[in-house]
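Source file: target-v7.pdb. Holds: PDB, C-alpha atoms.
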```pdb
ATOM      1  CA  MET A   1      75.474 135.161 118.390
ATOM      2  CA  SER A   2      72.371 136.120 120.363
ATOM      3  CA  ILE A   3      69.029 134.492 119.712
ATOM      4  CA  THR A   4      67.687 137.780 118.350
ATOM      5  CA  ALA A   5      70.610 138.262 115.965
ATOM      6  CA  LYS A   6      70.393 134.659 114.841
ATOM      7  CA  THR A   7      66.676 135.039 114.216
ATOM      8  CA  VAL A   8      67.210 138.230 112.202
ATOM      9  CA  SER A   9      69.926 136.490 110.178
ATOM     10  CA  MET A  10      67.641 133.570 109.417
ATOM     11  CA  VAL A  11      64.821 135.901 108.405
ATOM     12  CA  THR A  12      67.168 137.867 106.159
ATOM     13  CA  VAL A  13      68.418 134.719 104.456
ATOM     14  CA  GLY A  14      64.862 133.522 104.013
ATOM     15  CA  ALA A  15      63.806 136.879 102.586
ATOM     16  CA  THR A  16      66.712 136.878 100.184
ATOM     17  CA  SER A  17      65.839 133.373  99.088
ATOM     18  CA  ASP A  18      62.225 134.375  98.510
ATOM     19  CA  GLU A  19      63.348 137.437  96.570
ATOM     20  CA  ASP A  20      65.600 135.272  94.430
ATOM     21  CA  LYS A  21      62.758 132.886  93.722
ATOM     22  CA  LEU A  22      60.501 135.789  92.769
ATOM     23  CA  GLN A  23      63.215 137.257  90.549
ATOM     24  CA  ILE A  24      63.766 133.938  88.796
ATOM     25  CA  ARG A  25      60.030 133.522  88.332
ATOM     26  CA  GLN A  26      59.753 136.974  86.752
ATOM     27  CA  GLN A  27      62.660 136.184  84.449
ATOM     28  CA  GLU A  28      61.046 132.888  83.481
ATOM     29  CA  ARG A  29      57.739 134.624  82.735
ATOM     30  CA  THR A  30      59.523 137.156  80.533
ATOM     31  CA  ILE A  31      61.229 134.407  78.549
ATOM     32  CA  ASP A  32      57.959 132.458  78.347
ATOM     33  CA  ASN A  33      56.235 135.491  76.837
ATOM     34  CA  LEU A  34      58.989 135.829  74.247
ATOM     35  CA  ASN A  35      58.730 132.136  73.439
ATOM     36  CA  ARG A  36      55.016 132.575  72.780
ATOM     37  CA  LEU A  37      55.892 135.306  70.296
ATOM     38  CA  PHE A  38      58.432 133.037  68.618
ATOM     39  CA  ALA A  39      55.852 130.252  68.473
ATOM     40  CA  MET A  40      53.452 132.602  66.706
ATOM     41  CA  LEU A  41      56.125 133.575  64.178
ATOM     42  CA  PHE A  42      56.932 129.931  63.525
ATOM     43  CA  SER A  43      53.252 129.140  63.065
ATOM     44  CA  ILE A  44      53.158 131.817  60.364
ATOM     45  CA  VAL A  45      56.122 130.173  58.620
ATOM     46  CA  PHE A  46      54.473 126.754  58.696
ATOM     47  CA  SER A  47      51.184 128.295  57.564
ATOM     48  CA  VAL A  48      52.898 129.796  54.520
ATOM     49  CA  ALA A  49      54.469 126.449  53.636
ATOM     50  CA  ALA A  50      51.218 124.556  54.223
ATOM     51  CA  ALA A  51      49.266 127.045  52.104
ATOM     52  CA  SER A  52      51.803 126.647  49.295
ATOM     53  CA  ILE A  53      51.441 122.869  49.269
ATOM     54  CA  LEU A  54      47.663 123.023  49.698
ATOM     55  CA  HIS A  55      47.414 125.309  46.672
ATOM     56  CA  LYS A  56      49.313 122.744  44.596
ATOM     57  CA  VAL A  57      47.100 119.899  45.792
ATOM     58  CA  THR A  58      43.954 121.921  45.117
ATOM     59  CA  ALA A  59      45.106 122.836  41.616
ATOM     60  CA  PHE A  60      45.805 119.163  40.904
ATOM     61  CA  VAL A  61      42.434 117.997  42.221
ATOM     62  CA  ILE A  62      40.289 120.535  40.356
ATOM     63  CA  THR A  63      42.129 120.118  37.058
ATOM     64  CA  ALA A  64      39.822 118.509  34.530
ATOM     65  CA  GLY A  65      40.738 115.309  32.759
ATOM     66  CA  PRO A  66      42.679 112.242  33.849
ATOM     67  CA  LYS A  67      44.922 112.674  36.886
ATOM     68  CA  VAL A  68      48.554 111.637  36.536
ATOM     69  CA  VAL A  69      50.689 111.969  39.642
ATOM     70  CA  ASP A  70      54.139 113.415  38.940
ATOM     71  CA  TRP A  71      56.109 111.480  41.532
ATOM     72  CA  GLU A  72      59.307 113.424  40.914
ATOM     73  CA  VAL A  73      57.546 116.671  41.766
ATOM     74  CA  VAL A  74      56.013 114.970  44.812
ATOM     75  CA  ALA A  75      59.491 113.871  45.895
ATOM     76  CA  PHE A  76      60.838 117.406  45.506
ATOM     77  CA  ASN A  77      58.014 118.879  47.583
ATOM     78  CA  GLY A  78      58.250 116.173  50.229
ATOM     79  CA  ALA A  79      61.998 116.611  50.614
ATOM     80  CA  ALA A  80      61.625 120.380  50.859
ATOM     81  CA  LEU A  81      58.931 120.083  53.535
ATOM     82  CA  VAL A  82      61.071 117.754  55.635
ATOM     83  CA  ILE A  83      64.051 120.098  55.351
ATOM     84  CA  LEU A  84      61.967 123.132  56.316
ATOM     85  CA  GLY A  85      60.069 121.387  59.100
ATOM     86  CA  THR A  86      63.027 119.768  60.833
ATOM     87  CA  THR A  87      65.292 122.801  60.514
ATOM     88  CA  ALA A  88      62.663 125.185  61.879
ATOM     89  CA  ALA A  89      61.666 122.852  64.720
ATOM     90  CA  ILE A  90      65.259 122.393  65.883
ATOM     91  CA  PHE A  91      65.948 126.117  65.664
ATOM     92  CA  PHE A  92      62.857 127.020  67.685
ATOM     93  CA  HIS A  93      63.652 124.452  70.382
ATOM     94  CA  GLN A  94      67.262 125.535  70.764
ATOM     95  CA  ALA A  95      66.581 129.263  70.478
ATOM     96  CA  SER A  96      63.840 129.320  73.097
ATOM     97  CA  ARG A  97      65.704 127.013  75.450
ATOM     98  CA  GLY A  98      68.885 129.025  74.927
ATOM     99  CA  LEU A  99      67.180 132.134  76.305
ATOM    100  CA  ASP A 100      66.137 130.123  79.367
ATOM    101  CA  LEU A 101      69.681 128.971  80.011
ATOM    102  CA  ARG A 102      71.161 132.415  79.475
ATOM    103  CA  TYR A 103      68.752 134.560  81.421
ATOM    104  CA  ALA A 104      65.970 132.750  83.282
ATOM    105  CA  GLN A 105      67.684 130.494  85.799
ATOM    106  CA  ASN A 106      69.900 132.739  87.905
ATOM    107  CA  ALA A 107      68.634 135.603  90.055
ATOM    108  CA  ASN A 108      72.100 137.167  90.207
ATOM    109  CA  VAL A 109      72.332 137.678  86.459
ATOM    110  CA  VAL A 110      71.566 141.203  85.273
ATOM    111  CA  PRO A 111      71.247 141.027  81.477
ATOM    112  CA  HIS A 112      72.828 143.796  79.464
ATOM    113  CA  ARG A 113      70.032 145.479  77.556
ATOM    114  CA  LEU A 114      71.925 145.497  74.254
ATOM    115  CA  GLY A 115      73.174 141.947  74.729
ATOM    116  CA  PHE A 116      69.647 140.724  75.403
ATOM    117  CA  LEU A 117      68.343 142.749  72.448
ATOM    118  CA  PHE A 118      70.907 141.062  70.209
ATOM    119  CA  ASP A 119      69.871 137.569  71.319
ATOM    120  CA  TYR A 120      66.220 138.495  70.843
ATOM    121  CA  LEU A 121      66.680 140.007  67.379
ATOM    122  CA  VAL A 122      68.720 137.036  66.161
ATOM    123  CA  ILE A 123      65.728 134.776  66.741
ATOM    124  CA  VAL A 124      63.204 137.195  65.243
ATOM    125  CA  LEU A 125      65.272 138.024  62.149
ATOM    126  CA  THR A 126      65.941 134.348  61.459
ATOM    127  CA  MET A 127      62.244 134.041  60.672
ATOM    128  CA  GLY A 128      62.979 135.866  57.398
ATOM    129  CA  PRO A 129      64.849 133.019  55.665
ATOM    130  CA  PHE A 130      62.366 130.500  57.062
ATOM    131  CA  ALA A 131      59.450 132.497  55.643
ATOM    132  CA  LEU A 132      61.243 132.722  52.294
ATOM    133  CA  MET A 133      61.679 128.939  52.295
ATOM    134  CA  GLY A 134      57.950 128.512  52.861
ATOM    135  CA  LYS A 135      57.079 131.055  50.174
ATOM    136  CA  ALA A 136      59.462 129.364  47.721
ATOM    137  CA  LEU A 137      57.220 126.284  47.728
ATOM    138  CA  GLU A 138      54.364 128.134  46.020
ATOM    139  CA  GLN A 139      53.405 126.762  42.633
ATOM    140  CA  GLU A 140      53.979 130.110  40.909
ATOM    141  CA  VAL A 141      57.577 129.977  42.131
ATOM    142  CA  THR A 142      58.367 126.312  41.505
ATOM    143  CA  ASP A 143      56.765 126.394  38.044
ATOM    144  CA  VAL A 144      59.114 129.192  37.002
ATOM    145  CA  ALA A 145      62.390 128.306  38.726
ATOM    146  CA  GLY A 146      61.896 124.889  40.270
ATOM    147  CA  PHE A 147      63.191 124.646  43.815
ATOM    148  CA  PHE A 148      66.073 127.038  43.198
ATOM    149  CA  TRP A 149      64.602 129.722  45.466
ATOM    150  CA  PHE A 150      64.044 127.179  48.222
ATOM    151  CA  PHE A 151      67.686 126.117  47.981
ATOM    152  CA  VAL A 152      68.867 129.735  48.000
ATOM    153  CA  ALA A 153      66.681 130.544  51.019
ATOM    154  CA  HIS A 154      68.123 127.586  52.918
ATOM    155  CA  GLU A 155      71.692 128.640  52.194
ATOM    156  CA  ILE A 156      70.825 132.226  53.169
ATOM    157  CA  LEU A 157      69.562 130.803  56.458
ATOM    158  CA  ILE A 158      72.889 129.072  57.095
ATOM    159  CA  LEU A 159      74.882 132.150  56.045
ATOM    160  CA  PHE A 160      72.756 134.352  58.286
ATOM    161  CA  GLY A 161      73.311 131.995  61.201
ATOM    162  CA  LEU A 162      77.065 132.090  60.644
ATOM    163  CA  ALA A 163      76.992 135.879  60.431
ATOM    164  CA  MET A 164      75.107 136.024  63.729
ATOM    165  CA  LEU A 165      77.669 133.715  65.331
ATOM    166  CA  ILE A 166      80.437 136.056  64.177
ATOM    167  CA  ILE A 167      78.583 139.068  65.562
ATOM    168  CA  GLY A 168      77.920 137.031  68.700
ATOM    169  CA  GLN A 169      81.662 136.648  69.165
ATOM    170  CA  LEU A 170      81.919 140.440  69.088
ATOM    171  CA  ARG A 171      78.973 140.635  71.483
ATOM    172  CA  HIS A 172      80.849 138.593  74.075
ATOM    173  CA  THR A 173      83.975 140.651  73.478
ATOM    174  CA  ILE A 174      82.093 143.904  74.070
ATOM    175  CA  PHE A 175      79.648 142.946  76.820
ATOM    176  CA  GLY A 176      81.517 140.024  78.353
ATOM    177  CA  ASP A 177      79.939 136.989  79.990
ATOM    178  CA  HIS A 178      78.881 138.546  83.271
ATOM    179  CA  ASN A 179      75.376 139.185  81.972
ATOM    180  CA  ILE A 180      74.462 135.531  81.349
ATOM    181  CA  SER A 181      74.178 132.606  83.745
ATOM    182  CA  PRO A 182      77.721 131.668  84.842
ATOM    183  CA  GLU A 183      76.837 127.962  84.698
ATOM    184  CA  PHE A 184      76.159 128.336  80.977
ATOM    185  CA  VAL A 185      79.197 130.411  79.958
ATOM    186  CA  ALA A 186      81.638 127.600  79.097
ATOM    187  CA  VAL A 187      78.909 125.533  77.457
ATOM    188  CA  ALA A 188      77.741 128.525  75.406
ATOM    189  CA  HIS A 189      81.244 129.105  74.052
ATOM    190  CA  GLY A 190      81.651 125.417  73.227
ATOM    191  CA  VAL A 191      78.293 125.304  71.454
ATOM    192  CA  GLN A 192      79.134 128.395  69.408
ATOM    193  CA  ARG A 193      82.459 126.885  68.346
ATOM    194  CA  TYR A 194      80.700 123.675  67.364
ATOM    195  CA  TRP A 195      77.946 125.456  65.426
ATOM    196  CA  PHE A 196      80.427 127.656  63.595
ATOM    197  CA  MET A 197      82.594 124.727  62.481
ATOM    198  CA  MET A 198      79.690 122.430  61.631
ATOM    199  CA  ASN A 199      77.722 124.965  59.600
ATOM    200  CA  SER A 200      80.805 126.232  57.774
ATOM    201  CA  ILE A 201      81.727 122.689  56.748
ATOM    202  CA  TYR A 202      78.137 122.002  55.665
ATOM    203  CA  LEU A 203      78.008 125.188  53.612
ATOM    204  CA  PHE A 204      81.250 124.319  51.843
ATOM    205  CA  ILE A 205      80.064 120.792  50.986
ATOM    206  CA  MET A 206      76.673 122.061  49.813
ATOM    207  CA  ALA A 207      78.166 124.863  47.715
ATOM    208  CA  SER A 208      80.642 122.455  46.130
ATOM    209  CA  SER A 209      77.848 119.988  45.368
ATOM    210  CA  PHE A 210      75.791 122.676  43.639
ATOM    211  CA  PHE A 211      78.863 123.846  41.728
ATOM    212  CA  LEU A 212      79.417 120.352  40.346
ATOM    213  CA  ALA A 213      75.751 119.500  39.749
ATOM    214  CA  SER A 214      75.034 122.758  37.921
ATOM    215  CA  GLY A 215      78.009 122.410  35.596
ATOM    216  CA  SER A 216      79.292 125.820  36.645
ATOM    217  CA  TYR A 217      82.781 124.654  35.725
ATOM    218  CA  THR A 218      81.651 124.415  32.081
ATOM    219  CA  THR A 219      80.254 126.915  29.605
ATOM    220  CA  VAL A 220      76.814 125.283  29.678
ATOM    221  CA  ARG A 221      75.066 125.481  33.035
ATOM    222  CA  SER A 222      72.027 123.507  34.098
ATOM    223  CA  CYS A 223      69.544 123.833  36.937
ATOM    224  CA  PRO A 224      69.824 120.862  39.301
ATOM    225  CA  LEU A 225      66.736 122.034  41.184
ATOM    226  CA  MET A 226      64.167 121.928  38.377
ATOM    227  CA  PRO A 227      62.248 118.644  38.314
ATOM    228  CA  HIS A 228      62.795 116.483  35.223
ATOM    229  CA  GLN A 229      66.034 118.172  34.245
ATOM    230  CA  SER A 230      69.025 115.875  33.925
ATOM    231  CA  GLY A 231      70.364 114.924  37.346
ATOM    232  CA  ALA A 232      67.892 117.150  39.207
ATOM    233  CA  LEU A 233      66.288 114.396  41.272
ATOM    234  CA  PHE A 234      69.695 113.051  42.284
ATOM    235  CA  PHE A 235      70.891 116.490  43.378
ATOM    236  CA  MET A 236      67.677 117.105  45.318
ATOM    237  CA  MET A 237      68.293 113.877  47.195
ATOM    238  CA  VAL A 238      71.871 114.991  47.875
ATOM    239  CA  PHE A 239      70.550 118.322  49.129
ATOM    240  CA  PHE A 240      68.005 116.485  51.281
ATOM    241  CA  ALA A 241      70.607 114.100  52.716
ATOM    242  CA  LEU A 242      73.086 116.871  53.528
ATOM    243  CA  ALA A 243      70.443 119.152  55.059
ATOM    244  CA  VAL A 244      68.978 116.369  57.207
ATOM    245  CA  ALA A 245      72.477 115.256  58.240
ATOM    246  CA  ARG A 246      73.243 118.849  59.243
ATOM    247  CA  ASN A 247      70.072 118.884  61.325
ATOM    248  CA  ALA A 248      71.052 115.596  62.962
ATOM    249  CA  PHE A 249      74.500 116.949  63.839
ATOM    250  CA  ASP A 250      72.761 120.040  65.177
ATOM    251  CA  PHE A 251      70.170 118.271  67.317
ATOM    252  CA  LEU A 252      71.671 115.035  68.627
ATOM    253  CA  PRO A 253      74.906 116.364  70.201
ATOM    254  CA  MET A 254      72.939 119.244  71.734
ATOM    255  CA  TRP A 255      70.326 117.064  73.409
ATOM    256  CA  ASN A 256      71.567 117.391  76.975
ATOM    257  CA  VAL A 257      72.645 120.986  76.406
ATOM    258  CA  PHE A 258      69.168 122.284  75.690
ATOM    259  CA  PHE A 259      67.046 119.598  77.352
ATOM    260  CA  PRO A 260      67.127 119.439  81.169
ATOM    261  CA  VAL A 261      68.738 116.013  81.440
ATOM    262  CA  LYS A 262      69.958 114.892  84.857
ATOM    263  CA  PRO A 263      73.779 115.250  85.090
ATOM    264  CA  GLN A 264      75.527 111.940  84.484
ATOM    265  CA  GLY A 265      79.073 112.742  85.590
ATOM    266  CA  ALA A 266      80.624 111.189  88.679
ATOM    267  CA  ASN A 267      80.964 114.629  90.266
ATOM    268  CA  GLY A 268      77.495 115.785  89.295
ATOM    269  CA  GLN A 269      78.610 117.534  86.120
ATOM    270  CA  GLN A 270      76.857 117.235  82.791
ATOM    271  CA  LEU A 271      78.524 115.014  80.189
ATOM    272  CA  TYR A 272      78.379 115.929  76.513
ATOM    273  CA  TRP A 273      79.211 114.236  73.226
ATOM    274  CA  LYS A 274      83.010 113.913  73.191
ATOM    275  CA  PRO A 275      83.739 116.332  70.309
ATOM    276  CA  LEU A 276      81.403 118.882  71.882
ATOM    277  CA  GLN A 277      82.913 118.285  75.326
ATOM    278  CA  LYS A 278      86.360 119.049  73.919
ATOM    279  CA  LEU A 279      85.067 122.330  72.504
ATOM    280  CA  VAL A 280      83.419 123.195  75.833
ATOM    281  CA  ASP A 281      86.673 122.509  77.709
ATOM    282  CA  TYR A 282      88.828 124.119  75.031
ATOM    283  CA  ALA A 283      91.178 126.875  76.179
ATOM    284  CA  PRO A 284      92.402 128.997  73.243
ATOM    285  CA  PRO A 285      96.196 129.270  73.117
ATOM    286  CA  ARG A 286      97.884 132.643  73.050
ATOM    287  CA  ILE A 287      99.923 133.379  69.943
ATOM    288  CA  PHE A 288     101.991 136.563  69.990
ATOM    289  CA  GLY A 289      99.977 137.659  72.987
ATOM    290  CA  LEU A 290      96.613 137.132  71.288
ATOM    291  CA  SER A 291      94.048 134.476  72.156
ATOM    292  CA  VAL A 292      93.518 132.365  69.028
ATOM    293  CA  SER A 293      90.665 129.858  68.893
ATOM    294  CA  LEU A 294      91.774 127.137  66.496
ATOM    295  CA  PRO A 295      88.237 125.698  66.028
ATOM    296  CA  LEU A 296      87.067 129.132  64.932
ATOM    297  CA  VAL A 297      90.037 129.435  62.580
ATOM    298  CA  VAL A 298      89.029 126.135  60.965
ATOM    299  CA  GLY A 299      85.461 127.404  60.696
ATOM    300  CA  TYR A 300      86.573 130.637  59.054
ATOM    301  CA  LEU A 301      88.672 128.715  56.516
ATOM    302  CA  PHE A 302      85.717 126.533  55.502
ATOM    303  CA  LEU A 303      83.435 129.571  55.426
ATOM    304  CA  ALA A 304      85.852 131.461  53.178
ATOM    305  CA  ALA A 305      86.084 128.445  50.878
ATOM    306  CA  ALA A 306      82.291 128.102  50.770
ATOM    307  CA  VAL A 307      81.754 131.776  49.973
ATOM    308  CA  SER A 308      84.411 131.574  47.260
ATOM    309  CA  VAL A 309      82.673 128.619  45.624
ATOM    310  CA  MET A 310      79.224 130.202  45.896
ATOM    311  CA  PHE A 311      80.083 133.660  44.638
ATOM    312  CA  LEU A 312      83.285 133.392  42.614
ATOM    313  CA  LEU A 313      82.832 130.016  40.927
ATOM    314  CA  THR A 314      79.075 129.432  40.916
ATOM    315  CA  GLU A 315      78.050 133.120  40.807
ATOM    316  CA  LEU A 316      74.974 132.534  42.922
ATOM    317  CA  TYR A 317      74.787 136.282  43.473
ATOM    318  CA  ASP A 318      73.658 136.606  39.829
ATOM    319  CA  LEU A 319      70.049 135.661  40.513
ATOM    320  CA  PRO A 320      68.711 136.760  37.081
ATOM    321  CA  LEU A 321      71.227 134.404  35.460
ATOM    322  CA  TRP A 322      70.124 131.440  37.549
ATOM    323  CA  ILE A 323      66.445 132.216  37.081
ATOM    324  CA  ARG A 324      67.024 132.084  33.322
ATOM    325  CA  VAL A 325      68.931 128.816  33.694
ATOM    326  CA  CYS A 326      66.163 127.301  35.815
ATOM    327  CA  SER A 327      63.303 128.568  33.651
TER     328      SER A 327
END
```
Please, can you express the file's structure as structure tokens?
Amino acid sequence: MSITAKTVSMVTVGATSDEDKLQIRQQERTIDNLNRLFAMLFSIVFSVAAASILHKVTAFVITAGPKVVDWEVVAFNGAALVILGTTAAIFFHQASRGLDLRYAQNANVVPHRLGFLFDYLVIVLTMGPFALMGKALEQEVTDVAGFFWFFVAHEILILFGLAMLIIGQLRHTIFGDHNISPEFVAVAHGVQRYWFMMNSIYLFIMASSFFLASGSYTTVRSCPLMPHQSGALFFMMVFFALAVARNAFDFLPMWNVFFPVKPQGANGQQLYWKPLQKLVDYAPPRIFGLSVSLPLVVGYLFLAAAVSVMFLLTELYDLPLWIRVCS
């Protein structure tokens, strides 16, 4: 190669590298702008919840006469705030970081406009259940139906997330994986399998717990989410424990997926929690010529069982009935 040709080649490589850096920077700025929007939406959610609690505190302070603290009501509100705060914080962290990993780190990735729109709308629309959870803490709501609406909003959040995971499976089937960072493809599939199984199992356990606590298997139902009703405080603590445990299983195994931790593998690869690693490395077998993901099958079975308990046995769809029970 002549000196001139070699020089041109080096300049071309350098130019391409600079173009890649500029492209990545533009992608990062786009994702950063979206994350600012998400942060604003989350601040609205927390503002609604804070205003609801502040209204209760203000009403208590300005009430004339001797002040008697209702510690059971305080416990209900405290548990609800922890559930809302931790769930929303984890979702925001993983959602915003997920966009980075999918789109912002590879100059050769050309996002599909509909695929990107889907990922964007999932995050925006998830604000709905979060806002409902915050609104459900208002005194006008809890005085009438206890924390029933908060519980329903939380389960709607989980159901919505599962529905989006199902649609996300179709998204990958339609648009493929070529429009997201190739380094993140296998991890993304493993994470989705994990989320689908974990949330389906949680939903089944939570629905079964409500079914038992509400006496839906008898002719006389009770509201386990109205303070001072029989067994209500115990069920609220069960709800709190299960929701926080779900958040822990959501956050801890995903730490080095969504946080830029230095790879710890001998060959420079990232190491994940063993159950998650198995789902990342999982290769679906082919049955009768079709690719069948057994983890997803397990998730669908638990989801079907949870929906059956919620709607066929507990009849949670009959909101007027449960409002009367909780009143």
Which residues, named as in the file, does the PyMOL selection byres ((chain A and resi 306-320) around 12) pick out? Answer as a ChimeraX atom specification.
/A:145,148-149,151-153,155-156,158-159,162,199-219,221-223,299-305,321-327
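For the atom pair formed by atom CA of A:Leu34 and atom CA of A:Pro263, the distance is 27.6 Å, given to one decimal.
Picture a line from atom CA of A:Ala75 to atom CA of A:Ile90; it runs 22.5 Å.
Within 9 Å of A:Leu81, once all atoms listed in the file are used and residues closer than 2 positions along the same chain are dropped, the contacting residues are Ala49, Ala50, Phe76, Asn77, Gly78, Ala79, Ile83, Leu84, Gly85, Thr86, Gly134 and Leu137 of chain A.
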To test your reading of the syntax: which residues would the PyMOL selection byres ((chain A and resi 187) around 10) return for the file shown? Reply as a ChimeraX atom specification.
/A:182-186,188-193,257,272,276-277,279-281
Grab the atom CA of A:Trp71 to atom CA of A:Gly146 distance for me, in Å with one decimal place.
14.7 Å
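Distance check against A:Val73 using all atoms listed in the file: of A:Arg171, A:Arg29, A:His228, A:Arg97, the minimum falls on A:His228.
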With only C-alpha atoms as the atoms that count, which of A:Leu101, A:Met226, A:Ala88, A:Val297 lies nearest to A:Pro284?
A:Val297
Where does the PyMOL selection byres ((chain A and resi 52-59) around 12) land in this file, that is, which residues does it pick, as a PyMOL selection string?
chain A and resi 45-51+60-64+67+69-70+73-74+76-78+80-81+131-143
Applying 9 Å and only C-alpha atoms, which residues near A:Ser96 remain after dropping the ones on its own chain fewer than 6 positions away? List them as a PyMOL selection string.
chain A and resi 31-32+34-35+38+123
